[in-house]
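Next up, coords_7.cif (mmCIF, C-alpha atoms):
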```
data_structure
loop_
_atom_site.label_atom_id
_atom_site.label_comp_id
_atom_site.auth_asym_id
_atom_site.auth_seq_id
_atom_site.Cartn_x
_atom_site.Cartn_y
_atom_site.Cartn_z
CA MET A 1 0.00 0.00 0.00
CA LEU A 2 1.29 3.47 -0.89
CA ASP A 3 1.39 6.56 1.25
CA LYS A 4 0.56 9.96 -0.25
CA ALA A 5 4.16 10.47 -1.34
CA GLY A 6 4.09 7.06 -3.03
CA ILE A 7 0.98 8.00 -5.02
CA ALA A 8 2.71 11.23 -6.05
CA LYS A 9 5.87 9.33 -7.06
CA ARG A 10 3.90 6.93 -9.26
CA ILE A 11 2.00 9.78 -10.94
CA ALA A 12 5.26 11.62 -11.62
CA LYS A 13 6.17 8.76 -13.96
CA GLU A 14 3.26 9.78 -16.23
CA ILE A 15 4.82 13.19 -16.88
CA LYS A 16 6.75 13.43 -20.13
CA ASP A 17 9.46 15.75 -21.40
CA GLY A 18 8.02 19.01 -22.70
CA TYR A 19 4.74 18.76 -20.81
CA TYR A 20 2.87 21.72 -19.38
CA VAL A 21 1.18 20.35 -16.25
CA ASN A 22 -1.48 21.67 -13.89
CA LEU A 23 -1.33 20.23 -10.38
CA GLY A 24 -4.36 20.41 -8.09
CA ILE A 25 -4.34 20.82 -4.33
CA GLY A 26 -3.42 17.94 -1.99
CA ILE A 27 -1.59 14.86 -3.26
CA PRO A 28 -1.20 16.38 -6.77
CA THR A 29 0.90 19.21 -5.29
CA LEU A 30 3.38 16.60 -4.02
CA VAL A 31 3.93 15.31 -7.57
CA ALA A 32 6.18 18.32 -8.21
CA ASN A 33 8.73 16.84 -5.79
CA TYR A 34 9.20 13.69 -7.89
CA ILE A 35 9.41 14.93 -11.48
CA PRO A 36 12.53 13.30 -12.98
CA GLU A 37 15.43 15.73 -13.29
CA ASN A 38 16.26 14.69 -16.84
CA ILE A 39 13.01 16.05 -18.32
CA ASP A 40 11.80 19.60 -18.87
CA VAL A 41 8.36 20.24 -17.43
CA VAL A 42 6.56 23.54 -16.87
CA LEU A 43 4.03 23.74 -14.04
CA GLN A 44 0.96 25.89 -14.57
CA SER A 45 -0.72 27.47 -11.57
CA GLU A 46 -4.20 28.65 -12.54
CA ASN A 47 -3.99 31.87 -10.55
CA GLY A 48 -1.74 33.06 -13.36
CA LEU A 49 1.74 31.54 -13.54
CA LEU A 50 3.71 29.24 -15.82
CA GLY A 51 7.00 28.11 -14.34
CA MET A 52 6.11 27.46 -10.72
CA GLY A 53 9.17 26.62 -8.64
CA PRO A 54 9.68 25.22 -5.13
CA PHE A 55 8.74 26.94 -1.88
CA PRO A 56 10.94 29.96 -1.09
CA PHE A 57 13.70 29.82 1.50
CA GLU A 58 12.62 31.09 4.88
CA GLY A 59 12.63 34.88 4.90
CA GLU A 60 12.30 35.09 1.12
CA GLU A 61 8.51 34.66 0.96
CA ASP A 62 6.74 37.20 -1.24
CA ALA A 63 3.01 37.78 -0.64
CA ASP A 64 2.61 38.57 -4.36
CA VAL A 65 4.00 35.19 -5.46
CA ILE A 66 1.61 32.36 -4.60
CA ASN A 67 0.17 29.25 -6.23
CA ALA A 68 -3.46 28.20 -6.65
CA GLY A 69 -3.37 26.68 -3.17
CA LYS A 70 -2.45 30.16 -1.83
CA GLN A 71 0.97 28.86 -0.76
CA THR A 72 4.05 31.02 -1.11
CA ILE A 73 6.19 29.71 -3.97
CA THR A 74 8.98 30.83 -6.27
CA MET A 75 9.12 31.49 -10.00
CA LEU A 76 11.71 29.61 -12.05
CA PRO A 77 13.80 31.28 -14.79
CA GLY A 78 11.59 31.52 -17.87
CA SER A 79 8.38 31.98 -15.92
CA ALA A 80 5.45 33.95 -17.29
CA ILE A 81 2.64 35.76 -15.47
CA PHE A 82 -0.83 36.28 -16.91
CA ASP A 83 -4.34 37.13 -15.78
CA SER A 84 -7.06 34.69 -14.77
CA ALA A 85 -8.90 34.83 -18.11
CA MET A 86 -5.79 33.92 -20.08
CA SER A 87 -4.98 31.21 -17.54
CA PHE A 88 -8.25 29.44 -18.25
CA GLY A 89 -7.94 30.34 -21.92
CA MET A 90 -4.81 28.19 -22.20
CA ILE A 91 -6.58 25.41 -20.27
CA ARG A 92 -9.68 25.57 -22.48
CA ALA A 93 -7.56 25.71 -25.64
CA ARG A 94 -5.81 22.51 -24.50
CA LYS A 95 -2.34 24.00 -24.29
CA VAL A 96 -1.92 22.32 -20.90
CA ASN A 97 -0.92 18.70 -21.57
CA LEU A 98 -1.79 17.05 -18.28
CA THR A 99 -4.08 17.83 -15.35
CA ILE A 100 -3.63 16.02 -12.04
CA LEU A 101 -6.31 16.53 -9.43
CA GLY A 102 -7.95 15.00 -6.41
CA ALA A 103 -11.52 13.67 -6.17
CA MET A 104 -14.13 12.47 -3.72
CA GLU A 105 -15.64 10.03 -6.22
CA VAL A 106 -14.91 8.77 -9.73
CA ALA A 107 -17.45 6.75 -11.72
CA GLU A 108 -16.70 3.96 -14.17
CA ASN A 109 -17.81 6.23 -17.04
CA GLY A 110 -15.18 8.84 -16.10
CA ASP A 111 -17.50 11.21 -14.20
CA ILE A 112 -15.86 12.98 -11.28
CA ALA A 113 -17.24 14.56 -8.09
CA SER A 114 -14.90 16.73 -6.06
CA TRP A 115 -16.43 19.99 -4.90
CA LYS A 116 -19.47 19.65 -2.69
CA ILE A 117 -21.10 17.43 -0.07
CA PRO A 118 -24.69 18.70 0.14
CA GLY A 119 -25.56 19.96 3.61
CA LYS A 120 -22.04 19.37 4.91
CA MET A 121 -19.35 21.05 2.90
CA VAL A 122 -19.54 23.89 0.43
CA LYS A 123 -16.18 25.18 -0.60
CA GLY A 124 -16.76 25.59 -4.31
CA MET A 125 -15.27 24.15 -7.47
CA GLY A 126 -12.49 26.67 -7.99
CA GLY A 127 -10.89 25.85 -11.32
CA ALA A 128 -11.68 22.13 -11.26
CA MET A 129 -14.75 22.29 -13.51
CA ASP A 130 -12.85 24.25 -16.15
CA LEU A 131 -9.91 21.85 -15.98
CA VAL A 132 -11.89 18.62 -16.27
CA ALA A 133 -14.13 19.98 -19.02
CA SER A 134 -11.21 20.87 -21.26
CA ALA A 135 -8.14 18.81 -20.39
CA GLU A 136 -7.20 16.05 -22.80
CA ASN A 137 -5.40 14.03 -20.19
CA ILE A 138 -6.70 13.88 -16.62
CA ILE A 139 -5.20 11.79 -13.85
CA VAL A 140 -7.00 11.58 -10.53
CA ALA A 141 -4.88 11.14 -7.39
CA MET A 142 -6.93 9.93 -4.44
CA GLN A 143 -7.46 7.32 -1.75
CA HIS A 144 -9.26 4.22 -2.99
CA VAL A 145 -11.80 4.35 -0.14
CA ASN A 146 -13.13 7.24 1.96
CA LYS A 147 -12.79 7.68 5.71
CA ALA A 148 -15.93 5.60 6.27
CA GLY A 149 -14.30 2.75 4.35
CA GLU A 150 -16.55 3.13 1.29
CA SER A 151 -15.18 2.80 -2.21
CA LYS A 152 -14.57 6.02 -4.14
CA LEU A 153 -14.52 4.14 -7.47
CA LEU A 154 -18.21 3.77 -8.18
CA PRO A 155 -20.69 2.62 -10.84
CA ARG A 156 -22.14 6.19 -10.69
CA CYS A 157 -21.13 9.22 -8.63
CA THR A 158 -23.48 10.02 -5.75
CA LEU A 159 -22.17 13.54 -5.02
CA PRO A 160 -22.72 16.61 -7.23
CA LEU A 161 -20.54 16.27 -10.34
CA THR A 162 -17.52 18.34 -11.27
CA GLY A 163 -17.42 16.99 -14.83
CA ILE A 164 -18.62 14.12 -17.00
CA ASN A 165 -16.78 11.40 -18.96
CA CYS A 166 -13.43 13.02 -18.38
CA VAL A 167 -11.15 11.02 -16.06
CA LYS A 168 -8.64 8.87 -17.96
CA LYS A 169 -6.49 7.42 -15.21
CA ILE A 170 -6.63 6.95 -11.43
CA VAL A 171 -3.74 6.38 -9.06
CA THR A 172 -4.62 5.34 -5.50
CA GLU A 173 -2.75 3.84 -2.55
CA LEU A 174 -3.75 0.41 -3.92
CA ALA A 175 -3.60 0.57 -7.70
CA VAL A 176 -3.22 2.27 -11.06
CA LEU A 177 -6.35 2.04 -13.18
CA ASP A 178 -7.45 3.31 -16.57
CA VAL A 179 -11.01 4.46 -17.10
CA LEU A 180 -11.97 2.82 -20.38
CA PRO A 181 -13.76 4.87 -23.05
CA GLY A 182 -16.62 2.34 -23.00
CA GLY A 183 -16.78 2.39 -19.18
CA GLY A 184 -15.12 0.38 -16.45
CA PHE A 185 -11.94 0.57 -14.37
CA LYS A 186 -9.16 -1.43 -16.02
CA LEU A 187 -6.60 -2.55 -13.47
CA LEU A 188 -3.09 -1.81 -14.71
CA GLU A 189 -0.83 -2.11 -11.67
CA ARG A 190 -0.98 -3.12 -8.01
CA ALA A 191 0.76 -1.16 -5.27
CA PRO A 192 3.63 -3.07 -3.65
CA GLY A 193 2.26 -5.80 -1.38
CA VAL A 194 -1.37 -5.29 -2.41
CA SER A 195 -3.36 -8.27 -3.71
CA ILE A 196 -5.92 -8.26 -6.50
CA GLU A 197 -8.46 -9.38 -3.91
CA GLU A 198 -7.87 -6.23 -1.85
CA ILE A 199 -8.36 -4.06 -4.93
CA LYS A 200 -11.55 -5.93 -5.85
CA ASN A 201 -12.93 -5.41 -2.35
CA ALA A 202 -12.18 -1.68 -2.44
CA THR A 203 -13.69 -1.07 -5.90
CA ALA A 204 -17.48 -0.72 -6.13
CA GLY A 205 -17.56 0.07 -9.85
CA ARG A 206 -16.91 -2.42 -12.63
CA LEU A 207 -13.30 -3.64 -12.35
CA ILE A 208 -11.70 -5.16 -15.42
CA ILE A 209 -8.77 -7.53 -14.80
CA GLU A 210 -7.00 -9.05 -17.78
CA GLY A 211 -3.88 -11.21 -17.53
CA ASP A 212 -1.17 -10.72 -14.96
CA ILE A 213 -1.27 -7.42 -13.07
CA PRO A 214 2.25 -6.25 -12.28
CA GLU A 215 3.33 -4.52 -9.12
CA MET A 216 4.01 -0.84 -9.73
CA ASP A 217 7.51 0.54 -9.79
CA ILE A 218 7.74 3.71 -7.77
CA ASN A 219 11.49 4.10 -7.52
CA MET B 1 -7.27 64.11 -17.75
CA ASN B 2 -6.89 63.56 -14.03
CA LYS B 3 -8.49 60.54 -12.42
CA VAL B 4 -6.64 60.84 -9.15
CA PHE B 5 -8.52 60.71 -5.84
CA ASN B 6 -6.91 61.41 -2.48
CA ASN B 7 -7.81 58.18 -0.76
CA ALA B 8 -10.15 55.19 -0.64
CA ASP B 9 -12.93 57.05 1.21
CA GLU B 10 -13.18 59.59 -1.61
CA ALA B 11 -12.82 57.01 -4.38
CA ILE B 12 -15.75 54.95 -3.08
CA HIS B 13 -17.88 57.90 -1.88
CA ASP B 14 -20.85 57.14 -4.17
CA ILE B 15 -21.05 53.39 -3.68
CA ALA B 16 -24.51 52.77 -2.23
CA ASP B 17 -26.59 50.01 -0.66
CA GLY B 18 -27.66 47.21 -3.00
CA MET B 19 -24.96 47.73 -5.62
CA THR B 20 -22.97 45.03 -7.43
CA LEU B 21 -19.23 45.24 -6.84
CA MET B 22 -16.36 43.28 -8.33
CA PHE B 23 -13.17 42.76 -6.33
CA GLY B 24 -9.84 41.76 -7.83
CA GLY B 25 -7.57 39.33 -6.00
CA PHE B 26 -6.97 35.62 -5.58
CA GLY B 27 -7.15 34.41 -2.02
CA LEU B 28 -5.57 37.29 -0.11
CA CYS B 29 -3.15 38.11 -2.95
CA GLY B 30 -3.64 41.32 -4.93
CA LEU B 31 -6.59 42.52 -2.85
CA PRO B 32 -7.80 46.14 -2.88
CA GLU B 33 -7.23 46.38 0.87
CA ASN B 34 -7.80 50.12 1.16
CA CYS B 35 -11.16 50.09 -0.62
CA ILE B 36 -12.40 47.10 1.40
CA ALA B 37 -11.50 48.96 4.63
CA ALA B 38 -13.29 52.08 3.36
CA LEU B 39 -16.42 50.09 2.49
CA VAL B 40 -16.42 48.55 5.97
CA LYS B 41 -16.13 52.06 7.45
CA LYS B 42 -18.87 53.45 5.19
CA GLY B 43 -21.18 50.61 6.17
CA VAL B 44 -22.93 50.17 2.81
CA LYS B 45 -25.03 47.03 2.84
CA ASP B 46 -26.97 44.53 0.72
CA LEU B 47 -24.00 44.33 -1.60
CA THR B 48 -23.60 41.73 -4.32
CA CYS B 49 -19.90 40.89 -4.42
CA ILE B 50 -18.22 39.21 -7.36
CA SER B 51 -14.87 37.88 -6.23
CA ASN B 52 -13.01 34.61 -6.77
CA ASN B 53 -12.83 34.03 -3.01
CA ALA B 54 -14.54 35.39 0.10
CA GLY B 55 -11.42 36.25 2.09
CA VAL B 56 -10.76 34.80 5.53
CA ASP B 57 -12.64 35.62 8.74
CA ASP B 58 -10.65 38.74 9.55
CA PHE B 59 -9.21 39.84 6.20
CA GLY B 60 -10.31 40.66 2.68
CA ILE B 61 -14.01 40.34 1.87
CA GLY B 62 -14.34 38.46 5.17
CA LEU B 63 -14.37 41.92 6.78
CA LEU B 64 -17.50 42.90 4.81
CA LEU B 65 -19.14 39.55 5.60
CA ARG B 66 -18.46 39.99 9.30
CA GLN B 67 -20.32 43.34 9.26
CA ARG B 68 -23.25 41.69 7.39
CA GLN B 69 -22.79 44.04 4.44
CA VAL B 70 -23.02 41.32 1.80
CA LYS B 71 -26.34 40.05 0.47
CA LYS B 72 -24.92 37.81 -2.22
CA MET B 73 -21.50 36.39 -3.10
CA ILE B 74 -20.57 35.21 -6.59
CA SER B 75 -17.35 33.21 -6.25
CA SER B 76 -15.58 30.03 -7.34
CA TYR B 77 -13.99 28.96 -4.05
CA VAL B 78 -15.06 30.01 -0.58
CA GLY B 79 -13.26 27.66 1.83
CA GLU B 80 -11.19 28.94 4.74
CA ASN B 81 -13.92 31.23 6.07
CA ALA B 82 -15.95 30.04 9.06
CA GLU B 83 -18.19 33.13 9.24
CA PHE B 84 -19.02 32.74 5.55
CA GLU B 85 -19.95 29.10 6.07
CA ARG B 86 -22.09 29.97 9.08
CA GLN B 87 -24.05 32.66 7.20
CA LEU B 88 -24.46 30.35 4.22
CA LEU B 89 -25.73 27.37 6.21
CA ASN B 90 -28.11 29.66 8.17
CA GLY B 91 -29.53 31.05 4.94
CA GLU B 92 -28.36 34.58 5.81
CA LEU B 93 -26.24 34.84 2.70
CA GLU B 94 -27.00 34.08 -0.91
CA VAL B 95 -24.16 32.36 -2.74
CA GLU B 96 -23.65 31.56 -6.39
CA LEU B 97 -20.67 29.29 -6.98
CA ILE B 98 -19.33 29.27 -10.53
CA PRO B 99 -16.24 27.77 -12.16
CA GLN B 100 -13.16 29.95 -11.86
CA GLY B 101 -12.55 30.15 -15.60
CA THR B 102 -16.19 31.05 -16.17
CA LEU B 103 -15.87 33.81 -13.57
CA ALA B 104 -12.76 35.24 -15.25
CA THR B 105 -14.15 34.96 -18.76
CA ARG B 106 -17.48 36.58 -17.86
CA CYS B 107 -15.41 39.56 -16.67
CA MET B 108 -13.37 39.48 -19.87
CA ALA B 109 -16.52 39.40 -21.98
CA ALA B 110 -17.83 42.53 -20.24
CA GLY B 111 -14.56 44.32 -20.94
CA TYR B 112 -14.52 43.20 -24.56
CA GLY B 113 -18.11 44.26 -25.20
CA MET B 114 -19.38 40.72 -25.75
CA PRO B 115 -22.74 39.77 -24.20
CA ALA B 116 -21.92 36.12 -23.54
CA ILE B 117 -19.36 33.36 -23.82
CA PHE B 118 -19.52 29.63 -24.46
CA THR B 119 -17.57 27.31 -22.18
CA PRO B 120 -17.54 23.55 -21.60
CA ALA B 121 -17.02 24.08 -17.85
CA GLY B 122 -20.02 22.82 -15.90
CA ILE B 123 -21.63 20.76 -18.68
CA GLY B 124 -23.52 17.87 -17.08
CA THR B 125 -23.30 19.42 -13.59
CA GLU B 126 -25.64 21.53 -11.49
CA VAL B 127 -23.89 24.64 -12.84
CA ALA B 128 -25.63 23.97 -16.16
CA ILE B 129 -29.17 24.00 -14.76
CA GLY B 130 -31.33 26.54 -16.56
CA LYS B 131 -28.61 27.59 -18.99
CA GLU B 132 -28.59 27.35 -22.77
CA VAL B 133 -26.39 24.57 -24.17
CA ARG B 134 -24.99 24.81 -27.68
CA ASN B 135 -23.10 22.15 -29.59
CA PHE B 136 -20.06 23.23 -31.60
CA ASN B 137 -18.06 20.62 -33.54
CA GLY B 138 -19.57 17.77 -31.57
CA LYS B 139 -18.94 19.20 -28.09
CA ASP B 140 -21.45 20.82 -25.72
CA TYR B 141 -20.87 24.31 -24.34
CA LEU B 142 -22.75 26.41 -21.80
CA MET B 143 -23.74 29.95 -22.61
CA GLU B 144 -22.63 32.21 -19.78
CA MET B 145 -23.50 35.91 -19.67
CA ALA B 146 -21.05 38.79 -19.34
CA PHE B 147 -21.08 40.35 -15.88
CA ASP B 148 -22.81 43.64 -15.28
CA ALA B 149 -21.17 45.28 -12.27
CA ASP B 150 -21.70 48.82 -10.98
CA TYR B 151 -18.13 49.09 -9.75
CA ALA B 152 -14.96 47.10 -10.26
CA ILE B 153 -12.43 47.57 -7.47
CA VAL B 154 -8.90 46.48 -8.26
CA LYS B 155 -5.39 46.62 -6.87
CA ALA B 156 -2.31 47.26 -9.00
CA TRP B 157 1.36 47.70 -8.24
CA LYS B 158 1.94 50.90 -10.19
CA GLY B 159 -0.40 53.29 -11.89
CA ASP B 160 -0.31 56.75 -13.39
CA SER B 161 -2.77 59.61 -13.10
CA MET B 162 -4.31 58.59 -16.46
CA GLY B 163 -5.28 55.24 -14.97
CA ASN B 164 -2.73 53.05 -16.72
CA LEU B 165 -1.91 50.06 -14.53
CA ILE B 166 0.89 47.56 -14.01
CA TYR B 167 0.48 44.55 -11.74
CA ARG B 168 3.14 42.58 -9.91
CA SER B 169 3.62 38.79 -10.13
CA THR B 170 0.62 36.64 -9.23
CA ALA B 171 -1.07 39.64 -7.62
CA ARG B 172 -2.23 40.25 -11.20
CA ASN B 173 -4.79 37.37 -11.17
CA PHE B 174 -8.36 38.70 -11.60
CA ASN B 175 -7.42 42.37 -11.42
CA PRO B 176 -6.93 43.10 -15.16
CA VAL B 177 -10.15 41.38 -16.27
CA MET B 178 -12.19 43.00 -13.52
CA ALA B 179 -10.65 46.39 -14.25
CA MET B 180 -12.11 46.06 -17.76
CA ALA B 181 -15.54 45.00 -16.55
CA GLY B 182 -16.86 47.71 -14.22
CA LYS B 183 -19.19 50.51 -15.25
CA ILE B 184 -16.92 52.48 -12.96
CA THR B 185 -13.49 51.05 -12.17
CA ILE B 186 -11.57 52.13 -9.09
CA ALA B 187 -7.89 51.21 -8.90
CA GLU B 188 -5.73 51.44 -5.81
CA VAL B 189 -1.99 51.29 -6.38
CA GLU B 190 1.16 50.99 -4.31
CA GLU B 191 2.94 53.59 -6.42
CA LEU B 192 1.20 56.45 -8.21
CA VAL B 193 3.28 58.18 -10.90
CA GLU B 194 2.95 60.90 -13.53
CA PRO B 195 2.08 60.18 -17.20
CA GLY B 196 5.23 59.18 -19.03
CA GLU B 197 6.78 57.37 -16.11
CA LEU B 198 5.27 54.01 -17.07
CA ASP B 199 6.67 52.41 -20.22
CA PRO B 200 3.65 52.07 -22.58
CA ASP B 201 4.98 48.65 -23.61
CA HIS B 202 4.66 47.46 -20.03
CA VAL B 203 1.13 48.68 -19.28
CA HIS B 204 -1.23 45.78 -18.47
CA THR B 205 -4.49 47.73 -18.16
CA PRO B 206 -4.87 50.77 -20.41
CA GLY B 207 -6.23 53.79 -18.56
CA ILE B 208 -9.39 53.95 -20.68
CA TYR B 209 -10.80 51.21 -18.45
CA VAL B 210 -9.95 52.98 -15.20
CA HIS B 211 -12.07 55.86 -13.92
CA ARG B 212 -10.56 56.53 -10.50
CA ILE B 213 -7.13 55.89 -9.08
CA PHE B 214 -5.47 56.57 -5.74
CA LYS B 215 -2.33 55.67 -3.89
CA GLY B 216 -3.11 53.10 -1.21
CA THR B 217 -1.46 53.07 2.18
CA ASN B 218 -0.47 50.59 4.88
CA TYR B 219 -0.69 47.44 2.76
CA GLU B 220 -0.68 44.40 4.99
CA LYS B 221 -0.38 41.89 2.11
CA ARG B 222 -1.24 39.04 4.39
CA ILE B 223 0.02 35.59 3.40
CA GLU B 224 -2.65 32.87 3.58
CA GLN B 225 -0.35 29.82 3.48
CA ARG B 226 3.24 30.59 4.39
CA THR B 227 5.23 27.69 2.94
CA VAL B 228 9.03 27.67 2.98
CA ARG B 229 11.97 25.31 2.64
CA THR B 230 15.08 25.37 4.77
CA LYS B 231 18.53 26.00 3.40
CA VAL B 232 20.75 22.93 3.53
#
```
For the structure just supplied, provide its representation as structure tokens.
Amino acid sequence: MLDKAGIAKRIAKEIKDGYYVNLGIGIPTLVANYIPENIDVVLQSENGLLGMGPFPFEGEEDADVINAGKQTITMLPGSAIFDSAMSFGMIRARKVNLTILGAMEVAENGDIASWKIPGKMVKGMGGAMDLVASAENIIVAMQHVNKAGESKLLPRCTLPLTGINCVKKIVTELAVLDVLPGGGFKLLERAPGVSIEEIKNATAGRLIIEGDIPEMDIN
Amino acid sequence: MNKVFNNADEAIHDIADGMTLMFGGFGLCGLPENCIAALVKKGVKDLTCISNNAGVDDFGIGLLLRQRQVKKMISSYVGENAEFERQLLNGELEVELIPQGTLATRCMAAGYGMPAIFTPAGIGTEVAIGKEVRNFNGKDYLMEMAFDADYAIVKAWKGDSMGNLIYRSTARNFNPVMAMAGKITIAEVEELVEPGELDPDHVHTPGIYVHRIFKGTNYEKRIEQRTVRTKV
């Protein structure tokens, strides 16, 4: 079973040289720590920055330089600043190659719910609806089950949707799965030490298992 | 052409109860702090506020919420504000949550003189309820209307007396698109200079969009999430 850093490490392997990548809040933010050094990747922060760098050294924080999670960050050489309309313009126009975000639920048809629990939590969708509606390549980083032990990979989402038919890949503490265009979660890899039985038990939606399922390589 | 006001109190003097106001900023970054403080002092109420976020309990638009001056918020993300959540769950506050890109582009449309935009954001979700859907090249898009705000209130780094504005780093965010979208746009700046002192090639918001400008004071520039690394 993977910890959050492990999920981030596995997702980092999906990032290719030359990609522009948008990282959501939570586990996706950690992915930045594991991008291989031998590839060039530009991180987009939807509040208006291309070229997001690591956190500043203590004492060098600048209130005017933050990411979409409102954290103080730095700007790498070659960065560009733009306004919020252009930021979502480049997302809508599919200039951003990969979007990595968290979710509360994903359905076997690729629907995603991530922004609201009626009567309990109302924080808003932020940029998530824009990202999932336009991105060509969406990877969801999340826990396989929620705190109550219920599967988050479902036949249909039960919470208000963020977007429809959009999630392509899911990486959890247990597994890597593709969401097939015709529906269903296709199991690609198991986390180290995790059995197929455990993944079956944690997946409420249709799970497709074909042939041997290798253990994932996160090193 | 002189658009210069002495301070925030004078720049907002005619903002009245029930008006629709836009506020630049993302989180607590690039906020028009002086104008928010002046609106709190003036006590105008029943405001409709268009702003990406709702501030925190004791800063930003949170200050207006605390004084019960806001009737309706139009935002994309409103976490990190307990008073906001309390008013919302008690039905004391009307809230319209919309996707962040939709929010920005509805501002842009107003500033570009376009009545509406089409976006795929929100298709198939509750955001789409009651809205016109059009199909272009096999994909569905929602029609979203340009905003119609009485005032846009923005913060820039530098400005001149003709209203030309330059923003700094990610404090730019919503400020340029909102500056374009107000019937009356009020800009507060850290540095106010004379015409000719800003390089025309570096101006982000042309002064034609800005009706009032003043030099702000005592910027707190609060950091919402201070994240650092240690030198090794």
Could you list the residues chosen by the PyMOL selection byres ((chain A and resi 65-74) around 9) in this structure as a VMD selection string? (chain A and resid 24 to 26 29 45 to 49 51 to 56 61 to 64 75 to 76) or (chain B and resid 26 to 29 168 to 171 223 to 228)
In file coordinates, which residues lie within 7 Å of (-0.2, 17.9, -19.9) using only C-alpha atoms, given as a PyMOL selection string? chain A and resi 19-21+96-99+137
Residues near B:Pro115, anyone? I mean within 9 Å using all atoms listed in the file, not counting same-chain ones fewer than 4 positions away, as number ranges by chain. B: 106, 109-110, 144-147
Set the distance at 6 Å and use all atoms listed in the file: which residues neighbour stretch 3-14 of chain A once local chain neighbours fewer than 4 positions away are removed? I'd like the list as a compact mmCIF listing (two decimals) with C-alpha atoms, keeping the file's coordinate frame.
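Ended up saving to around.txt:
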```txt
# COMPACT_ATOMS: atom_id res chain seq x y z
CA LEU A 30 3.38 16.60 -4.02
CA VAL A 31 3.93 15.31 -7.57
CA TYR A 34 9.20 13.69 -7.89
CA ILE A 35 9.41 14.93 -11.48
CA ILE A 218 7.74 3.71 -7.77
```
Here's the selection I'm unsure about, the PyMOL selection byres ((chain B and resi 87) around 12); applied to the file above, which residues does it give, as a PyMOL selection string? (chain A and resi 122) or (chain B and resi 57+62+65-73+81-86+88-95)
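One distance worth recording is that between atom CA of B:Gly182 and atom CA of B:Glu80, which is 27.3 Å.
Among the candidates B:Met114, B:Ser161, B:Gly122, B:Phe214, the one nearest to A:Ala113 when counting all atoms listed in the file is B:Gly122.
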